[in-house]
>>> print(open('coords02.cif').read())   # mmCIF, C-alpha atoms
data_run
loop_
_atom_site.label_atom_id
_atom_site.label_comp_id
_atom_site.auth_asym_id
_atom_site.auth_seq_id
_atom_site.Cartn_x
_atom_site.Cartn_y
_atom_site.Cartn_z
CA MET A 1 17.75 -4.33 -76.80
CA THR A 2 14.34 -4.87 -78.21
CA GLU A 3 13.87 -7.93 -76.00
CA ALA A 4 11.55 -7.63 -73.01
CA ASP A 5 13.42 -6.67 -69.86
CA PRO A 6 11.87 -8.43 -66.83
CA THR A 7 13.11 -5.76 -64.41
CA LYS A 8 10.92 -3.20 -66.16
CA LYS A 9 7.59 -4.92 -65.78
CA MET A 10 4.41 -2.90 -65.58
CA ASN A 11 1.33 -3.72 -63.55
CA ILE A 12 -2.07 -2.12 -63.81
CA ILE A 13 -4.94 -2.78 -61.45
CA VAL A 14 -8.17 -2.14 -63.32
CA PHE A 15 -10.65 -1.55 -60.50
CA SER A 16 -12.97 0.71 -62.46
CA GLY A 17 -15.43 -0.54 -65.03
CA ASP A 18 -15.90 2.94 -66.51
CA MET A 19 -15.18 3.24 -70.22
CA ASP A 20 -13.03 6.36 -69.91
CA LYS A 21 -10.86 4.97 -67.12
CA VAL A 22 -10.53 1.58 -68.81
CA LEU A 23 -9.52 3.42 -72.00
CA ALA A 24 -6.66 5.09 -70.11
CA ALA A 25 -5.59 1.73 -68.66
CA PHE A 26 -5.50 0.07 -72.07
CA ILE A 27 -3.70 2.97 -73.78
CA LEU A 28 -0.92 2.68 -71.19
CA ALA A 29 -0.86 -1.13 -71.35
CA THR A 30 -0.67 -1.35 -75.15
CA THR A 31 1.93 1.42 -75.39
CA ALA A 32 4.11 -0.17 -72.69
CA ALA A 33 3.84 -3.54 -74.45
CA SER A 34 4.89 -1.82 -77.71
CA MET A 35 7.95 -0.53 -75.88
CA GLY A 36 8.91 -4.09 -75.00
CA LEU A 37 7.73 -4.05 -71.38
CA PRO A 38 6.01 -7.13 -69.96
CA VAL A 39 2.58 -5.88 -68.86
CA ASN A 40 0.10 -7.54 -66.55
CA MET A 41 -3.40 -6.18 -66.01
CA PHE A 42 -5.15 -7.27 -62.84
CA PHE A 43 -8.92 -6.86 -63.13
CA THR A 44 -10.91 -6.56 -59.94
CA PHE A 45 -14.35 -5.39 -58.82
CA TRP A 46 -16.09 -3.38 -61.56
CA GLY A 47 -13.04 -3.83 -63.76
CA LEU A 48 -14.00 -7.48 -64.26
CA ASN A 49 -16.85 -6.27 -66.48
CA VAL A 50 -14.25 -5.61 -69.18
CA LEU A 51 -13.47 -9.33 -69.36
CA ARG A 52 -17.05 -10.54 -69.08
CA LYS A 53 -19.04 -11.75 -72.04
CA LYS A 54 -22.22 -9.83 -72.79
CA SER A 55 -24.74 -11.56 -70.56
CA PHE A 56 -27.56 -10.90 -68.16
CA THR A 57 -27.54 -14.30 -66.54
CA ALA A 58 -24.39 -14.37 -64.39
CA GLY A 59 -24.57 -15.33 -60.72
CA ARG A 60 -25.67 -18.29 -58.62
CA THR A 61 -27.79 -16.78 -55.84
CA PHE A 62 -30.86 -14.57 -56.20
CA LEU A 63 -28.96 -11.43 -55.13
CA GLN A 64 -26.04 -12.17 -57.46
CA LYS A 65 -28.46 -12.63 -60.35
CA ILE A 66 -30.21 -9.34 -59.60
CA MET A 67 -26.84 -7.55 -59.25
CA ASN A 68 -25.60 -8.92 -62.56
CA ILE A 69 -28.71 -7.74 -64.40
CA ILE A 70 -27.90 -4.18 -63.27
CA ASN A 71 -24.12 -4.68 -63.49
CA ARG A 72 -23.97 -5.79 -67.11
CA GLY A 73 -20.78 -7.31 -68.42
CA GLY A 74 -19.05 -6.77 -71.73
CA ALA A 75 -16.23 -4.50 -72.88
CA SER A 76 -18.50 -2.88 -75.48
CA ARG A 77 -21.05 -1.56 -72.99
CA LEU A 78 -19.15 0.08 -70.17
CA PRO A 79 -20.61 3.30 -68.72
CA LEU A 80 -18.81 6.65 -68.54
CA SER A 81 -17.55 7.85 -65.14
CA ARG A 82 -19.22 11.21 -65.82
CA PHE A 83 -22.19 12.26 -67.96
CA ASN A 84 -23.41 8.70 -68.36
CA PHE A 85 -27.08 9.79 -68.69
CA PHE A 86 -28.37 6.20 -68.78
CA GLY A 87 -26.11 5.25 -71.67
CA LEU A 88 -26.48 8.38 -73.82
CA GLY A 89 -23.02 9.64 -72.76
CA PRO A 90 -21.16 6.44 -73.77
CA ALA A 91 -23.10 6.27 -77.06
CA MET A 92 -22.00 9.83 -77.91
CA MET A 93 -18.44 9.10 -76.78
CA LYS A 94 -18.26 6.01 -78.99
CA VAL A 95 -19.26 8.06 -82.05
CA MET A 96 -16.71 10.76 -81.16
CA MET A 97 -13.97 8.16 -80.63
CA LYS A 98 -14.78 6.50 -83.94
CA LYS A 99 -14.66 9.84 -85.77
CA SER A 100 -11.22 10.51 -84.25
CA ARG A 101 -10.21 6.93 -85.13
CA VAL A 102 -9.53 6.07 -81.49
CA PRO A 103 -9.98 2.31 -81.01
CA SER A 104 -12.92 1.04 -78.97
CA ILE A 105 -12.41 -0.87 -75.72
CA PRO A 106 -13.03 -4.30 -77.38
CA GLU A 107 -10.46 -3.40 -80.06
CA LEU A 108 -7.95 -2.35 -77.40
CA VAL A 109 -8.55 -5.61 -75.51
CA ARG A 110 -7.67 -7.55 -78.69
CA THR A 111 -4.64 -5.32 -79.39
CA ALA A 112 -3.38 -5.82 -75.83
CA LYS A 113 -3.69 -9.60 -76.20
CA ASN A 114 -1.86 -9.52 -79.55
CA LEU A 115 0.96 -7.56 -77.92
CA GLY A 116 1.29 -10.17 -75.17
CA VAL A 117 -0.35 -8.28 -72.29
CA THR A 118 -1.51 -10.77 -69.64
CA PHE A 119 -4.90 -10.53 -67.96
CA THR A 120 -5.49 -11.69 -64.40
CA ALA A 121 -8.98 -11.84 -62.91
CA CYS A 122 -9.54 -11.36 -59.17
CA THR A 123 -11.02 -14.47 -57.59
CA THR A 124 -12.61 -12.62 -54.66
CA THR A 125 -14.81 -10.48 -56.89
CA PHE A 126 -15.37 -13.54 -59.02
CA ASN A 127 -16.85 -15.41 -56.05
CA VAL A 128 -18.75 -12.51 -54.50
CA MET A 129 -20.50 -11.89 -57.82
CA GLY A 130 -21.01 -15.60 -58.45
CA PHE A 131 -19.23 -15.63 -61.81
CA LYS A 132 -18.18 -18.76 -63.62
CA LYS A 133 -15.19 -19.08 -65.92
CA GLU A 134 -17.62 -19.41 -68.84
CA ASP A 135 -18.82 -15.86 -68.09
CA PHE A 136 -15.45 -14.56 -69.27
CA ILE A 137 -13.90 -13.99 -72.68
CA ASP A 138 -10.97 -16.09 -73.91
CA GLY A 139 -7.70 -14.44 -73.06
CA VAL A 140 -7.91 -14.39 -69.26
CA ASP A 141 -4.52 -15.83 -68.36
CA ALA A 142 -5.03 -16.42 -64.65
CA PHE A 143 -7.57 -16.27 -61.85
CA SER A 144 -5.78 -15.28 -58.68
CA GLY A 145 -5.68 -13.17 -55.53
CA ALA A 146 -3.86 -10.28 -53.88
CA ALA A 147 -0.68 -12.20 -53.01
CA THR A 148 -0.13 -13.11 -56.67
CA TYR A 149 -0.73 -9.52 -57.67
CA LEU A 150 1.71 -8.19 -55.05
CA ASP A 151 4.32 -10.77 -56.00
CA GLU A 152 4.13 -9.46 -59.58
CA ALA A 153 3.84 -5.82 -58.55
CA LEU A 154 6.87 -5.89 -56.26
CA GLU A 155 9.00 -6.91 -59.26
CA ALA A 156 7.47 -4.25 -61.47
CA ARG A 157 8.91 -0.80 -61.72
CA THR A 158 5.55 0.77 -62.47
CA SER A 159 2.16 0.04 -60.93
CA TYR A 160 -1.08 1.83 -61.58
CA PHE A 161 -4.43 1.64 -59.84
CA ILE A 162 -7.16 2.74 -62.20
CA MET B 1 16.30 10.41 -96.34
CA ASP B 2 16.74 6.85 -97.61
CA LYS B 3 14.13 4.52 -96.25
CA ASP B 4 13.31 0.83 -96.57
CA GLN B 5 9.66 0.99 -95.55
CA THR B 6 7.01 3.65 -95.00
CA LEU B 7 4.35 3.45 -92.31
CA ASP B 8 1.25 5.54 -92.83
CA CYS B 9 -0.31 6.69 -89.54
CA TYR B 10 -2.26 9.53 -91.11
CA GLY B 11 -5.17 10.62 -88.91
CA LEU B 12 -4.37 8.15 -86.14
CA LEU B 13 -4.19 9.22 -82.49
CA CYS B 14 -2.05 8.01 -79.61
CA PRO B 15 -1.34 5.14 -78.91
CA ILE B 16 -2.02 3.60 -82.34
CA PRO B 17 0.94 5.13 -84.25
CA ILE B 18 3.40 3.77 -81.67
CA ILE B 19 1.76 0.33 -81.68
CA LYS B 20 1.98 0.28 -85.49
CA VAL B 21 5.63 1.36 -85.36
CA ALA B 22 6.39 -1.51 -82.96
CA GLU B 23 4.69 -3.94 -85.37
CA ALA B 24 6.33 -2.51 -88.49
CA ILE B 25 9.87 -2.51 -87.12
CA ARG B 26 9.67 -6.29 -86.67
CA SER B 27 9.52 -6.85 -90.42
CA LEU B 28 12.72 -4.86 -91.03
CA ALA B 29 16.28 -6.14 -90.92
CA PRO B 30 18.79 -4.51 -88.54
CA GLY B 31 20.16 -1.32 -90.06
CA GLN B 32 17.10 -0.70 -92.22
CA VAL B 33 15.18 2.56 -91.91
CA LEU B 34 11.48 2.97 -91.20
CA GLU B 35 9.73 6.14 -92.27
CA VAL B 36 6.68 7.11 -90.20
CA ILE B 37 4.11 9.60 -91.46
CA ALA B 38 1.68 10.85 -88.81
CA THR B 39 -0.60 13.78 -88.11
CA ASP B 40 -0.90 13.52 -84.32
CA GLU B 41 1.38 16.15 -82.79
CA GLY B 42 2.27 13.79 -79.93
CA ILE B 43 4.39 11.71 -82.30
CA GLN B 44 7.12 14.39 -82.09
CA SER B 45 8.03 13.30 -78.58
CA ASP B 46 6.50 9.80 -78.59
CA LEU B 47 8.72 8.50 -81.38
CA PRO B 48 12.05 9.46 -79.73
CA ALA B 49 10.70 8.21 -76.35
CA TRP B 50 9.80 4.86 -77.90
CA CYS B 51 13.25 4.62 -79.47
CA ARG B 52 14.98 5.38 -76.14
CA ARG B 53 13.11 2.48 -74.52
CA THR B 54 13.50 -0.05 -77.30
CA GLY B 55 17.05 0.75 -78.36
CA HIS B 56 16.24 1.55 -81.98
CA VAL B 57 17.95 4.63 -83.39
CA PHE B 58 15.87 7.78 -83.69
CA LEU B 59 17.09 9.61 -86.78
CA GLY B 60 14.83 12.63 -86.56
CA ILE B 61 11.35 13.96 -87.24
CA GLU B 62 10.26 16.91 -89.32
CA LYS B 63 7.02 18.73 -90.01
CA ARG B 64 5.99 18.96 -93.67
CA ASP B 65 2.66 20.47 -94.72
CA GLY B 66 0.88 19.53 -91.51
CA GLU B 67 2.36 16.04 -91.44
CA TYR B 68 5.10 14.70 -89.21
CA VAL B 69 7.65 12.53 -90.95
CA GLY B 70 9.96 10.56 -88.67
CA TYR B 71 12.79 8.12 -89.29
CA ILE B 72 13.99 5.18 -87.20
CA ARG B 73 16.90 2.84 -87.86
CA LYS B 74 16.32 -0.67 -86.60
CA ALA B 75 18.87 -1.73 -84.00
CA GLY B 76 20.62 -4.96 -84.63
CA PRO B 77 20.66 -7.88 -84.34
#
>>> encode(input="coords02.cif", output="C-alpha cells")
Amino acid sequence: MTEADPTKKMNIIVFSGDMDKVLAAFILATTAASMGLPVNMFFTFWGLNVLRKKSFTAGRTFLQKIMNIINRGGASRLPLSRFNFFGLGPAMMKVMMKKSRVPSIPELVRTAKNLGVTFTACTTTFNVMGFKKEDFIDGVDAFSGAATYLDEALEARTSYFI
Amino acid sequence: MDKDQTLDCYGLLCPIPIIKVAEAIRSLAPGQVLEVIATDEGIQSDLPAWCRRTGHVFLGIEKRDGEYVGYIRKAGP
C-alpha cells in the first residue's frame, strides 16, 4: 500500500525560472513523492536555471555567452515573477520565507532528490543556450526531448505545466 | 492515545509536515502509532489526505491549545 504505484505517476514541466512558480512546482513534487507517487520534473527553457550551477560563463557562442550573463543560473538566485525590482523582491521574499520556516528552493531541490523525484533536462534549451553538462548540478537524471516527456506524461495521471 | 513515536512539526508550514510524516512512518513497525504535533491549520485535512493515498490508518486529529495533534497507525506489512 505504501509502495509506489506506477499508474499514479506525476509529471511536472518546469518552464518558468521564477522563484515563486518554481516553489509551487517543488511543493507539489515533494508532497506527491511523500505520498508514494513516482514524480518526474521536466525542466525546460527558463526552468533549466534551477538545475544550473551558479555561473556567469555558460555558452559557446558570443550571443550565448551574453545571454547567460543576463540569464544567471542557480537555484538560489531565481527572480520573482512579480515585484522583482532588480533582486530586491526575491531578497525580501527569502527573508519572509525563512521567518515562516518555508524551505528555500535549493533546500527543496535536495529534499526532492532525497524523496526520489527524477529531474529531466530539455536538450533543445540546452543546445540553444550552449550549456554543457558541467554547467548543471549533480542530480539531473536524464537529458532528453519532447517524445521522452510525452511518453512519461501519457502514463501519468497528473501533469502540470508551471 | 497510545503512541510509539512523536513527530514535532511545530511552526512548520506545508509541505514540510507531510514530508516529515512520510519519513517518520518508515521507522515504525506495522501497527505502531505515530503522533504528529503541528501548528499549520492545513494539517487538519492534509494528514487524512496523505493517509488515504498511502494506505496508513488515520486515527484522528484534535486541536489543543493552538496545536493540532494527529495520530496515524502504520499499515502493515
>>> interface_residues(input="coords02.cif", of="chain A", to="chain B", cutoff="12 Å", atoms="only C-alpha atoms", output="compact mmCIF listing (two decimals) with C-alpha atoms, in the coordinates of the input")
# COMPACT_ATOMS: atom_id res chain seq x y z
CA MET A 1 17.75 -4.33 -76.80
CA THR A 2 14.34 -4.87 -78.21
CA GLU A 3 13.87 -7.93 -76.00
CA ALA A 4 11.55 -7.63 -73.01
CA ASP A 5 13.42 -6.67 -69.86
CA LYS A 8 10.92 -3.20 -66.16
CA LEU A 23 -9.52 3.42 -72.00
CA ALA A 24 -6.66 5.09 -70.11
CA ALA A 25 -5.59 1.73 -68.66
CA PHE A 26 -5.50 0.07 -72.07
CA ILE A 27 -3.70 2.97 -73.78
CA LEU A 28 -0.92 2.68 -71.19
CA ALA A 29 -0.86 -1.13 -71.35
CA THR A 30 -0.67 -1.35 -75.15
CA THR A 31 1.93 1.42 -75.39
CA ALA A 32 4.11 -0.17 -72.69
CA ALA A 33 3.84 -3.54 -74.45
CA SER A 34 4.89 -1.82 -77.71
CA MET A 35 7.95 -0.53 -75.88
CA GLY A 36 8.91 -4.09 -75.00
CA LEU A 37 7.73 -4.05 -71.38
CA MET A 97 -13.97 8.16 -80.63
CA LYS A 98 -14.78 6.50 -83.94
CA LYS A 99 -14.66 9.84 -85.77
CA SER A 100 -11.22 10.51 -84.25
CA ARG A 101 -10.21 6.93 -85.13
CA VAL A 102 -9.53 6.07 -81.49
CA PRO A 103 -9.98 2.31 -81.01
CA SER A 104 -12.92 1.04 -78.97
CA GLU A 107 -10.46 -3.40 -80.06
CA LEU A 108 -7.95 -2.35 -77.40
CA THR A 111 -4.64 -5.32 -79.39
CA ALA A 112 -3.38 -5.82 -75.83
CA ASN A 114 -1.86 -9.52 -79.55
CA LEU A 115 0.96 -7.56 -77.92
>>> atom_distance(input="coords02.cif", atom1="CA of Phe42 (chain A)", atom2="CA of Tyr149 (chain A)")
7.2 Å
>>> atom_distance(input="coords02.cif", atom1="CA of Leu51 (chain A)", atom2="CA of Arg157 (chain A)")
25.1 Å
>>> atom_distance(input="coords02.cif", atom1="CA of Ile13 (chain A)", atom2="CA of Gly145 (chain A)")
12.0 Å
>>> closest_residue(input="coords02.cif", among="A:Met41, A:Cys122, A:Val22, A:Ala156", to="Arg77 (chain A)", atoms="only C-alpha atoms")
A:Val22
>>> residues_around(input="coords02.cif", residues="Ser159 (chain A)", least_positions_apart="4", cutoff="8 Å", atoms="only C-alpha atoms", output="ChimeraX atom specification")
/A:10-13,153
>>> resolve_selection(input="coords02.cif", expression="the PyMOL selection byres ((chain A and resi 130) around 12)", output="NGL selection string")
:A and (57-68 or 123-129 or 131-135)
>>> write_last_selection(input="coords02.cif", atoms="C-alpha atoms", output="JSON list (two decimals), in the coordinates of the input")
[["chain", "number", "residue", "atom", "x", "y", "z"],
["A", 57, "THR", "CA", -27.54, -14.30, -66.54],
["A", 58, "ALA", "CA", -24.39, -14.37, -64.39],
["A", 59, "GLY", "CA", -24.57, -15.33, -60.72],
["A", 60, "ARG", "CA", -25.67, -18.29, -58.62],
["A", 61, "THR", "CA", -27.79, -16.78, -55.84],
["A", 62, "PHE", "CA", -30.86, -14.57, -56.20],
["A", 63, "LEU", "CA", -28.96, -11.43, -55.13],
["A", 64, "GLN", "CA", -26.04, -12.17, -57.46],
["A", 65, "LYS", "CA", -28.46, -12.63, -60.35],
["A", 66, "ILE", "CA", -30.21, -9.34, -59.60],
["A", 67, "MET", "CA", -26.84, -7.55, -59.25],
["A", 68, "ASN", "CA", -25.60, -8.92, -62.56],
["A", 123, "THR", "CA", -11.02, -14.47, -57.59],
["A", 124, "THR", "CA", -12.61, -12.62, -54.66],
["A", 125, "THR", "CA", -14.81, -10.48, -56.89],
["A", 126, "PHE", "CA", -15.37, -13.54, -59.02],
["A", 127, "ASN", "CA", -16.85, -15.41, -56.05],
["A", 128, "VAL", "CA", -18.75, -12.51, -54.50],
["A", 129, "MET", "CA", -20.50, -11.89, -57.82],
["A", 131, "PHE", "CA", -19.23, -15.63, -61.81],
["A", 132, "LYS", "CA", -18.18, -18.76, -63.62],
["A", 133, "LYS", "CA", -15.19, -19.08, -65.92],
["A", 134, "GLU", "CA", -17.62, -19.41, -68.84],
["A", 135, "ASP", "CA", -18.82, -15.86, -68.09]]
